[in-house]
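Q: Sharing structure_24.cif, mmCIF, C-alpha atoms:
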data_model
loop_
_atom_site.label_atom_id
_atom_site.label_comp_id
_atom_site.auth_asym_id
_atom_site.auth_seq_id
_atom_site.Cartn_x
_atom_site.Cartn_y
_atom_site.Cartn_z
CA MET W 1 2.07 13.74 -34.04
CA TYR W 2 3.54 15.74 -31.19
CA VAL W 3 7.35 15.75 -31.17
CA VAL W 4 9.53 17.04 -28.32
CA GLU W 5 12.10 19.15 -30.14
CA SER W 6 13.74 21.39 -27.53
CA LYS W 7 16.34 20.43 -24.96
CA GLY W 8 14.23 22.08 -22.25
CA GLY W 9 11.19 20.03 -23.22
CA ALA W 10 13.26 16.84 -23.15
CA ILE W 11 14.59 17.62 -19.67
CA ALA W 12 11.05 18.36 -18.45
CA CYS W 13 9.95 14.93 -19.72
CA MET W 14 12.88 13.28 -17.92
CA LEU W 15 12.15 15.00 -14.61
CA LEU W 16 8.46 14.05 -14.68
CA ALA W 17 9.41 10.49 -15.68
CA LEU W 18 11.88 10.41 -12.77
CA PHE W 19 9.10 11.16 -10.28
CA PHE W 20 6.65 8.66 -11.79
CA LEU W 21 9.20 5.84 -12.12
CA GLY W 22 10.43 6.39 -8.57
CA THR W 23 6.93 6.39 -7.07
CA TRP W 24 5.25 3.29 -8.51
CA PRO W 25 7.70 0.83 -6.84
CA ALA W 26 6.82 2.37 -3.47
CA ILE W 27 3.13 1.68 -4.08
CA MET W 28 3.80 -1.94 -5.03
CA THR W 29 6.00 -2.39 -1.95
CA LEU W 30 3.31 -0.89 0.27
CA LEU W 31 0.75 -3.44 -0.95
CA GLU W 32 3.14 -6.38 -0.41
CA ARG W 33 3.86 -5.18 3.12
CA ARG W 34 0.11 -5.06 3.76
CA GLY W 35 -0.16 -8.72 2.80
CA ARG W 36 -1.51 -8.55 -0.77
CA LEU W 37 -0.13 -11.28 -3.00
CA PRO W 38 2.32 -9.85 -5.57
CA GLN W 39 0.66 -11.92 -8.34
CA HIS W 40 -2.64 -10.09 -7.72
CA THR W 41 -0.95 -6.70 -7.53
CA TYR W 42 1.06 -7.20 -10.72
CA LEU W 43 -1.95 -8.36 -12.74
CA ASP W 44 -3.77 -5.13 -11.81
CA TYR W 45 -0.66 -3.07 -12.50
CA THR W 46 -0.10 -4.52 -15.96
CA MET W 47 -3.64 -3.61 -17.10
CA THR W 48 -3.23 0.12 -16.52
CA ASN W 49 0.39 0.05 -17.68
CA LEU W 50 -0.90 -0.94 -21.14
CA LEU W 51 -3.74 1.56 -20.85
CA ALA W 52 -1.21 4.39 -20.36
CA ALA W 53 0.55 3.44 -23.63
CA VAL W 54 -2.77 3.41 -25.51
CA ILE W 55 -3.70 6.84 -24.10
CA ILE W 56 -0.31 8.30 -25.09
CA ALA W 57 -0.53 6.80 -28.60
CA LEU W 58 -4.07 8.04 -29.25
CA THR W 59 -3.36 11.57 -27.95
CA PHE W 60 0.26 12.67 -28.53
CA GLY W 61 0.59 10.19 -31.40
CA GLU W 62 -2.38 11.70 -33.25
CA ILE W 63 -1.76 15.42 -32.69
CA GLY W 64 -1.22 17.33 -35.93
CA SER W 65 -1.06 16.12 -39.51
CA SER W 66 0.55 12.87 -40.63
CA THR W 67 3.46 13.04 -43.09
CA PRO W 68 5.28 10.26 -45.01
CA GLU W 69 8.45 10.87 -42.95
CA LYS W 70 6.63 11.17 -39.61
CA PRO W 71 3.31 9.34 -39.79
CA ASN W 72 0.80 9.47 -36.99
CA PHE W 73 0.25 6.43 -34.77
CA ILE W 74 -2.78 4.91 -36.53
CA ALA W 75 -1.35 5.55 -40.01
CA GLN W 76 1.83 3.67 -39.11
CA LEU W 77 0.07 0.54 -37.84
CA SER W 78 -0.42 -0.72 -41.41
CA GLN W 79 3.17 -0.14 -42.60
CA ASP W 80 5.74 -2.89 -43.23
CA ASN W 81 8.03 -2.18 -40.28
CA TRP W 82 8.18 -5.57 -38.54
CA PRO W 83 11.95 -5.53 -37.82
CA SER W 84 11.51 -2.37 -35.75
CA ILE W 85 8.35 -3.74 -34.13
CA LEU W 86 10.27 -6.83 -33.01
CA PHE W 87 12.97 -4.65 -31.41
CA ALA W 88 10.27 -2.71 -29.56
CA MET W 89 8.58 -5.91 -28.40
CA ALA W 90 11.91 -7.38 -27.27
CA GLY W 91 12.39 -4.28 -25.14
CA GLY W 92 8.94 -4.83 -23.62
CA VAL W 93 9.76 -8.46 -22.80
CA VAL W 94 12.96 -7.64 -20.87
CA LEU W 95 11.28 -4.73 -19.06
CA SER W 96 8.41 -6.98 -18.00
CA LEU W 97 10.86 -9.61 -16.70
CA GLY W 98 12.78 -6.92 -14.83
CA ASN W 99 9.69 -5.38 -13.24
CA LEU W 100 8.36 -8.80 -12.31
CA SER W 101 11.66 -9.69 -10.64
CA THR W 102 11.95 -6.50 -8.64
CA GLN W 103 8.59 -6.99 -6.92
CA TYR W 104 10.16 -10.00 -5.19
CA ALA W 105 13.57 -8.34 -4.71
CA TRP W 106 11.99 -5.41 -2.81
CA ALA W 107 10.92 -7.80 -0.05
CA PHE W 108 14.36 -9.41 0.32
CA VAL W 109 16.75 -6.51 -0.25
CA GLY W 110 14.59 -3.46 0.49
CA LEU W 111 13.15 -0.79 -1.79
CA SER W 112 16.06 1.66 -1.70
CA VAL W 113 18.93 -0.79 -2.23
CA THR W 114 17.07 -2.75 -4.92
CA GLU W 115 16.50 0.43 -6.90
CA VAL W 116 20.13 1.53 -6.46
CA ILE W 117 21.57 -1.75 -7.74
CA THR W 118 19.21 -2.12 -10.70
CA ALA W 119 19.62 1.55 -11.66
CA SER W 120 23.40 1.29 -11.57
CA ILE W 121 23.49 -1.79 -13.79
CA THR W 122 21.11 -0.05 -16.17
CA VAL W 123 23.34 3.02 -16.38
CA VAL W 124 26.64 1.17 -16.75
CA ILE W 125 25.40 -1.21 -19.49
CA GLY W 126 22.39 0.55 -21.01
CA THR W 127 23.78 4.09 -21.13
CA THR W 128 27.00 2.89 -22.76
CA LEU W 129 25.04 0.99 -25.43
CA ASN W 130 22.77 3.98 -26.06
CA TYR W 131 25.73 6.34 -26.38
CA PHE W 132 27.13 4.37 -29.31
CA LEU W 133 23.69 3.64 -30.83
CA ASP W 134 22.93 7.38 -30.80
CA ASP W 135 26.08 8.06 -32.85
CA LYS W 136 27.67 9.77 -29.82
CA ILE W 137 25.32 12.77 -29.84
CA ASN W 138 25.81 13.12 -26.08
CA ARG W 139 28.97 14.79 -24.81
CA ALA W 140 31.22 11.96 -23.63
CA GLN W 141 33.32 14.24 -21.40
CA ILE W 142 30.18 14.91 -19.37
CA LEU W 143 28.24 11.66 -19.87
CA PHE W 144 30.80 9.17 -18.59
CA PRO W 145 31.71 11.12 -15.42
CA GLY W 146 27.98 10.90 -14.73
CA VAL W 147 28.16 7.13 -15.14
CA GLY W 148 31.08 7.18 -12.70
CA CYS W 149 28.94 9.05 -10.17
CA PHE W 150 26.36 6.28 -10.42
CA LEU W 151 29.05 3.68 -9.74
CA ILE W 152 30.16 5.55 -6.62
CA ALA W 153 26.54 5.74 -5.49
CA VAL W 154 26.21 1.98 -6.00
CA CYS W 155 29.18 1.30 -3.74
CA LEU W 156 27.68 3.61 -1.11
CA GLY W 157 24.29 1.94 -1.55
CA SER W 158 25.81 -1.49 -0.92
CA ALA W 159 27.48 -0.10 2.20
CA VAL W 160 24.14 1.35 3.35
CA HIS W 161 22.51 -2.06 2.96
CA SER W 162 25.29 -3.79 4.90
CA SER W 163 25.25 -1.22 7.69
CA ASN W 164 21.45 -1.23 7.98
CA ALA W 165 21.37 -5.04 8.05
CA ALA W 166 23.83 -4.98 10.95
CA ASP W 167 21.64 -2.41 12.73
CA ASN W 168 18.54 -4.60 12.32
CA LYS W 169 20.45 -7.64 13.55
CA ALA W 170 21.45 -5.73 16.67
CA LYS W 171 17.85 -4.58 17.26
CA LEU W 172 16.49 -8.14 17.02
CA LYS W 173 19.20 -9.44 19.33
CA GLY W 174 18.42 -6.70 21.86
CA ALA W 175 14.74 -7.70 21.81
CA GLY W 176 15.53 -11.28 22.74
CA TYR W 177 15.80 -12.73 19.24
CA SER W 178 19.14 -14.14 18.14
CA PRO W 179 19.58 -13.96 14.36
CA THR W 180 22.02 -16.45 12.87
CA SER W 181 25.06 -15.34 10.91
CA ASN W 182 23.00 -14.94 7.72
CA GLY W 183 20.32 -12.84 9.47
CA ALA W 184 17.78 -15.63 9.89
CA LEU W 185 15.87 -16.47 13.08
CA THR W 186 15.90 -19.83 14.81
CA ASN W 187 13.02 -22.29 14.30
CA GLU W 188 11.63 -21.57 17.75
CA GLU W 189 11.69 -17.83 17.13
CA LEU W 190 9.93 -18.31 13.77
CA ARG W 191 7.20 -20.32 15.53
CA ASN W 192 6.79 -17.53 18.08
CA LEU W 193 6.57 -15.04 15.25
CA GLU W 194 3.74 -16.99 13.60
CA LYS W 195 1.86 -16.94 16.92
CA GLY W 196 2.50 -13.23 17.35
CA THR W 197 4.42 -13.75 20.58
CA GLY W 198 6.10 -10.56 21.78
CA ILE W 199 4.78 -8.42 18.92
CA ILE W 200 3.38 -5.02 19.85
CA GLU W 201 0.35 -3.88 17.87
CA GLU W 202 1.38 -0.34 16.92
CA ALA W 203 5.13 -0.80 16.92
CA LYS W 204 7.24 2.26 16.17
CA ALA W 205 9.21 2.29 12.92
CA GLY W 206 12.81 1.27 13.33
CA THR W 207 12.26 -0.95 16.38
CA ALA W 208 12.70 -4.72 16.61
CA GLU W 209 8.96 -5.05 17.27
CA PHE W 210 8.27 -3.20 14.03
CA LEU W 211 10.50 -5.58 12.06
CA LEU W 212 8.79 -8.61 13.58
CA GLU W 213 5.29 -7.23 13.06
CA LEU W 214 6.13 -6.45 9.44
CA GLU W 215 7.31 -10.02 8.85
CA LYS W 216 4.08 -11.41 10.27
CA ARG W 217 1.88 -9.19 8.10
CA ARG W 218 3.69 -9.12 4.73
CA ALA W 219 2.95 -11.44 1.79
CA ILE W 220 6.55 -12.51 1.07
CA LYS W 221 8.19 -13.96 4.19
CA VAL W 222 11.90 -13.15 4.28
CA PHE W 223 13.06 -14.31 7.71
CA GLY W 224 14.96 -17.56 7.44
CA LYS W 225 15.79 -17.05 3.77
CA SER W 226 19.22 -16.26 2.40
CA THR W 227 19.78 -12.69 1.18
CA ILE W 228 21.71 -14.18 -1.75
CA VAL W 229 18.33 -15.07 -3.29
CA GLY W 230 17.25 -11.44 -3.18
CA LEU W 231 20.55 -10.16 -4.56
CA ALA W 232 20.47 -12.69 -7.42
CA ILE W 233 16.94 -11.58 -8.34
CA THR W 234 18.05 -7.94 -8.13
CA PHE W 235 21.05 -8.41 -10.44
CA PHE W 236 18.91 -10.32 -12.95
CA ALA W 237 16.41 -7.44 -12.93
CA GLY W 238 19.22 -4.93 -13.45
CA VAL W 239 20.48 -6.74 -16.55
CA CYS W 240 16.94 -6.82 -17.96
CA PHE W 241 16.49 -3.09 -17.31
CA SER W 242 19.80 -2.31 -19.01
CA LEU W 243 18.59 -3.82 -22.30
CA PHE W 244 15.09 -2.40 -22.77
CA SER W 245 16.14 1.17 -23.57
CA PRO W 246 18.75 0.18 -26.23
CA ALA W 247 16.14 -2.14 -27.81
CA PHE W 248 13.67 0.75 -27.94
CA ASN W 249 16.41 2.98 -29.38
CA LEU W 250 16.95 0.46 -32.22
CA ALA W 251 13.20 0.29 -32.81
CA THR W 252 12.82 4.04 -33.33
CA ASN W 253 16.09 4.91 -35.08
CA ASP W 254 16.94 1.72 -37.05
CA GLN W 255 20.70 2.05 -36.57
CA TRP W 256 21.19 -1.45 -37.98
CA HIS W 257 19.24 -0.60 -41.18
CA THR W 258 16.76 -3.47 -40.94
CA LEU W 259 13.86 -1.59 -42.55
CA LYS W 260 13.21 -1.69 -46.29
CA GLU W 261 14.15 1.38 -48.30
CA GLY W 262 11.46 4.04 -48.13
CA VAL W 263 9.81 2.70 -44.96
CA PRO W 264 9.83 5.41 -42.25
CA HIS W 265 11.24 4.71 -38.81
CA LEU W 266 8.80 3.79 -36.07
CA VAL W 267 7.67 6.94 -34.31
CA VAL W 268 8.14 6.86 -30.55
CA TYR W 269 4.41 6.42 -29.89
CA THR W 270 3.99 3.42 -32.19
CA ALA W 271 7.11 1.81 -30.77
CA PHE W 272 5.89 2.41 -27.22
CA PHE W 273 2.53 0.81 -28.05
CA TYR W 274 4.13 -2.43 -29.32
CA PHE W 275 6.64 -2.28 -26.45
CA SER W 276 3.79 -2.14 -23.92
CA VAL W 277 1.75 -4.87 -25.64
CA SER W 278 4.61 -7.37 -25.33
CA CYS W 279 5.22 -6.25 -21.75
CA PHE W 280 1.52 -6.90 -21.00
CA VAL W 281 1.43 -10.34 -22.62
CA ILE W 282 4.54 -11.61 -20.77
CA ALA W 283 3.28 -10.25 -17.44
CA LEU W 284 -0.14 -11.81 -17.96
CA ILE W 285 1.26 -15.26 -18.81
CA LEU W 286 3.79 -15.35 -15.96
CA ASN W 287 1.54 -13.98 -13.23
CA ILE W 288 -1.40 -16.26 -14.08
CA THR W 289 1.11 -19.14 -13.95
CA PHE W 290 2.36 -17.91 -10.56
CA LEU W 291 -1.21 -17.90 -9.23
CA TYR W 292 -1.28 -21.69 -9.48
CA LEU W 293 2.47 -22.39 -9.25
CA PRO W 294 3.75 -19.75 -6.80
CA VAL W 295 7.44 -19.13 -6.14
CA LEU W 296 9.37 -18.34 -2.93
CA ASP W 297 6.89 -20.22 -0.70
CA LEU W 298 3.99 -17.87 -1.47
CA PRO W 299 0.49 -19.33 -0.96
CA ARG W 300 -1.32 -20.79 -3.96
CA SER W 301 -4.08 -18.64 -5.40
CA SER W 302 -6.50 -18.75 -8.37
CA PHE W 303 -7.89 -16.44 -11.02
CA LYS W 304 -11.21 -16.34 -9.16
CA ALA W 305 -9.43 -15.31 -5.95
CA TYR W 306 -7.63 -12.59 -7.89
CA ILE W 307 -10.88 -11.23 -9.33
CA ASN W 308 -12.42 -11.07 -5.85
CA ASP W 309 -9.38 -9.42 -4.25
CA TRP W 310 -10.21 -5.72 -4.10
CA ASN W 311 -7.90 -4.95 -1.18
CA GLY W 312 -5.50 -2.35 -2.56
CA ARG W 313 -6.61 -2.76 -6.19
CA GLY W 314 -6.92 0.99 -6.71
CA TRP W 315 -3.32 1.51 -5.61
CA ALA W 316 -2.10 -1.24 -7.95
CA LEU W 317 -3.96 0.33 -10.88
CA LEU W 318 -2.41 3.72 -10.02
CA ALA W 319 1.07 2.13 -9.99
CA GLY W 320 0.52 0.81 -13.51
CA LEU W 321 -0.49 4.25 -14.78
CA LEU W 322 2.54 5.91 -13.17
CA CYS W 323 4.93 3.34 -14.65
CA GLY W 324 3.31 3.54 -18.09
CA PHE W 325 3.36 7.32 -18.29
CA GLY W 326 6.87 7.39 -16.79
CA ASN W 327 8.25 5.08 -19.47
CA GLY W 328 6.44 7.04 -22.20
CA LEU W 329 7.89 10.34 -21.01
CA GLN W 330 11.38 8.81 -20.79
CA PHE W 331 11.17 7.67 -24.42
CA MET W 332 9.76 11.02 -25.58
CA GLY W 333 12.68 12.83 -23.93
CA GLY W 334 15.18 10.29 -25.22
CA GLN W 335 14.05 10.68 -28.81
CA ALA W 336 14.78 14.40 -28.59
CA ALA W 337 17.93 14.54 -26.43
CA GLY W 338 19.44 11.08 -26.82
CA TYR W 339 18.58 7.90 -24.95
CA ALA W 340 21.87 7.96 -23.05
CA ALA W 341 20.90 11.29 -21.44
CA ALA W 342 17.35 10.02 -20.87
CA ASP W 343 18.86 7.30 -18.68
CA ALA W 344 19.12 10.07 -16.08
CA VAL W 345 15.73 8.79 -14.93
CA GLN W 346 17.70 5.88 -13.46
CA ALA W 347 18.28 8.27 -10.56
CA LEU W 348 14.80 7.13 -9.49
CA PRO W 349 16.28 5.65 -6.25
CA LEU W 350 16.27 9.27 -5.04
CA VAL W 351 12.49 9.23 -5.18
CA SER W 352 12.15 5.62 -4.02
CA THR W 353 14.41 6.23 -1.01
CA PHE W 354 12.31 9.25 -0.06
CA TRP W 355 9.14 7.13 -0.14
CA GLY W 356 10.95 4.28 1.63
CA ILE W 357 11.84 6.55 4.54
CA LEU W 358 8.49 8.37 4.61
CA LEU W 359 6.13 5.41 4.15
CA PHE W 360 8.02 2.37 5.42
CA GLY W 361 10.30 3.75 8.11
CA GLU W 362 13.44 2.51 6.38
CA TYR W 363 16.63 3.50 8.25
CA GLN W 364 14.75 4.88 11.27
CA LYS W 365 16.63 4.40 14.53
CA SER W 366 19.68 3.29 12.56
CA SER W 367 23.29 4.02 13.45
CA ARG W 368 25.13 7.24 12.62
CA ARG W 369 27.29 5.29 10.16
CA THR W 370 24.17 4.25 8.22
CA TYR W 371 22.92 7.83 8.05
CA VAL W 372 26.27 9.14 6.79
CA LEU W 373 26.37 6.48 4.07
CA LEU W 374 22.73 7.14 3.13
CA PHE W 375 23.41 10.87 2.75
CA GLY W 376 26.46 10.13 0.61
CA MET W 377 24.47 7.80 -1.65
CA LEU W 378 21.69 10.35 -2.17
CA PHE W 379 24.19 13.15 -2.80
CA MET W 380 25.98 11.14 -5.50
CA PHE W 381 22.67 10.33 -7.17
CA ILE W 382 21.77 14.03 -7.26
CA VAL W 383 25.14 14.78 -8.90
CA ALA W 384 24.69 11.87 -11.33
CA VAL W 385 21.27 12.92 -12.60
CA GLY W 386 22.47 16.50 -13.08
CA VAL W 387 25.55 15.41 -15.03
CA LEU W 388 23.62 13.01 -17.28
CA MET W 389 21.06 15.71 -18.09
CA ALA W 390 23.87 18.17 -18.83
CA SER W 391 25.24 15.71 -21.40
CA SER W 392 22.06 15.99 -23.49
CA GLY W 393 22.62 16.44 -27.19
CA HIS W 394 20.12 17.12 -29.96
CA ARG W 395 19.08 14.52 -32.50
CA LYS W 396 19.09 15.89 -36.05
#
For the file at hand, write its structure as structure tokens.
A:
Amino acid sequence: MYVVESKGGAIACMLLALFFLGTWPAIMTLLERRGRLPQHTYLDYTMTNLLAAVIIALTFGEIGSSTPEKPNFIAQLSQDNWPSILFAMAGGVVLSLGNLSTQYAWAFVGLSVTEVITASITVVIGTTLNYFLDDKINRAQILFPGVGCFLIAVCLGSAVHSSNAADNKAKLKGAGYSPTSNGALTNEELRNLEKGTGIIEEAKAGTAEFLLELEKRRAIKVFGKSTIVGLAITFFAGVCFSLFSPAFNLATNDQWHTLKEGVPHLVVYTAFFYFSVSCFVIALILNITFLYLPVLDLPRSSFKAYINDWNGRGWALLAGLLCGFGNGLQFMGGQAAGYAAADAVQALPLVSTFWGILLFGEYQKSSRRTYVLLFGMLFMFIVAVGVLMASSGHRK
């Protein structure tokens, strides 16, 4: 079994995980904006997400000789370690619920702001729990200022969202559409939108025409819906994300002493396998249900329609691999340097915001105030990830 033992190796795992975990949401958002049903996309994603865990377990988990204290992946499958397995599976359940929620929140709140809010909740709750579960191996005088940097970034992120929403409202009003106080269009304007009235084919990013064309094409229609729905989904996802890492921490380190005497702790690869299996099962059950009983006014689908939907399937499969390998690398780094420090990957909004601007034209043609707030948010996230990584300890 391969074990990350050095601080440098742990940081390398975290940085690679940061890129992977910040990229897969952009791919999922891209597919939704192209009109692919999120149920179809998530079913594809969850297949390769499990595949990534199996690949990691059968490669890194089988490297080298197996010992009684640190058994290899296959050797540990037959051991009596069900309490730890249940912790790992509980972590997979809350992660699956969080990921499932965010695919709807991205449409309502936007990729960048959704990632900022969920990441901040994860850091404030999850990092604090991990710090105490890890017997305070991370340096508190560095760790908690890093948490504070995340909180500042959250406030700036909320301000960015508010400022950008005001900019979009002004653009729509200037183009002859008159959004109501909550950002919705009138019934007549929604009917015109369905007919394509006034929409330019190749609209430039950041224009009112671009916003209207996007609404016509995307799978989840957001005009006319309250933003409170999106924010509620986002906060629910953030709470779920804040719990999966502490659950995984308990699964691999048994801080509550639930294992029988003489039974070795779950190695990170075995825990990640069970974690991913439960994540897969929950995602499969919920998304097949949503095919026939869709939420948020999405069209009804079927399993046959999903099988025949190859539009964007390759991208969805890639997203699952990126998320799976990203989570695996985060846990490998956390086992070596402490899971509180590994929560530095929650700076993934840095990556997601980059993709949001590059791929989706977020914040283009916005006001100067929006750009200043956006720069401040990104700067604080850069500081936060550096501080959290600097707090890394070393597990004995």
Q: Kindly extract all protein, DNA and RNA residues lying within 10 Å of the coordinates (15.8, -2.4, 2.7) given in the file, considering only C-alpha atoms, and supply them as an mmCIF file with C-alpha atoms, in the coordinates of the input.
A:
data_model
loop_
_atom_site.group_PDB
_atom_site.id
_atom_site.type_symbol
_atom_site.label_atom_id
_atom_site.label_comp_id
_atom_site.auth_asym_id
_atom_site.auth_seq_id
_atom_site.Cartn_x
_atom_site.Cartn_y
_atom_site.Cartn_z
ATOM 1 C CA ALA W 105 13.570 -8.340 -4.710
ATOM 2 C CA TRP W 106 11.990 -5.410 -2.810
ATOM 3 C CA ALA W 107 10.920 -7.800 -0.050
ATOM 4 C CA PHE W 108 14.360 -9.410 0.320
ATOM 5 C CA VAL W 109 16.750 -6.510 -0.250
ATOM 6 C CA GLY W 110 14.590 -3.460 0.490
ATOM 7 C CA LEU W 111 13.150 -0.790 -1.790
ATOM 8 C CA SER W 112 16.060 1.660 -1.700
ATOM 9 C CA VAL W 113 18.930 -0.790 -2.230
ATOM 10 C CA THR W 114 17.070 -2.750 -4.920
ATOM 11 C CA VAL W 160 24.140 1.350 3.350
ATOM 12 C CA HIS W 161 22.510 -2.060 2.960
ATOM 13 C CA SER W 162 25.290 -3.790 4.900
ATOM 14 C CA ASN W 164 21.450 -1.230 7.980
ATOM 15 C CA ALA W 165 21.370 -5.040 8.050
ATOM 16 C CA THR W 353 14.410 6.230 -1.010
ATOM 17 C CA GLY W 356 10.950 4.280 1.630
ATOM 18 C CA ILE W 357 11.840 6.550 4.540
ATOM 19 C CA PHE W 360 8.020 2.370 5.420
ATOM 20 C CA GLY W 361 10.300 3.750 8.110
ATOM 21 C CA GLU W 362 13.440 2.510 6.380
ATOM 22 C CA TYR W 363 16.630 3.500 8.250
#
Q: Which is closer to Gly320 in chain W than all the others in W:Leu21, W:Ala237, W:Ala153, W:Ile282, using all atoms listed in the file?
A: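 Closest candidate: W:Leu21.
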Q: Within 12 Å of Phe241 in chain W, counting all atoms listed in the file, which residues qualify if same-chain residues fewer than 6 places away don't, as a PyMOL selection string?
A: chain W and resi 90-102+115+117-127+234-235+247-248+327+343+346
Q: Work out how far CA of Gly174 in chain W is from CA of Phe210 in chain W, in Å to one decimal.
A: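 Distance between the two atoms: 13.3 Å.
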Q: Hey, what's within 10 Å of range 75-85 of chain W if we count only C-alpha atoms and toss same-chain stuff fewer than 2 positions away? As number ranges by chain, please?
A: W: 61-62, 66-68, 70-73, 87-91, 247-254, 256-260, 263-267, 269-275
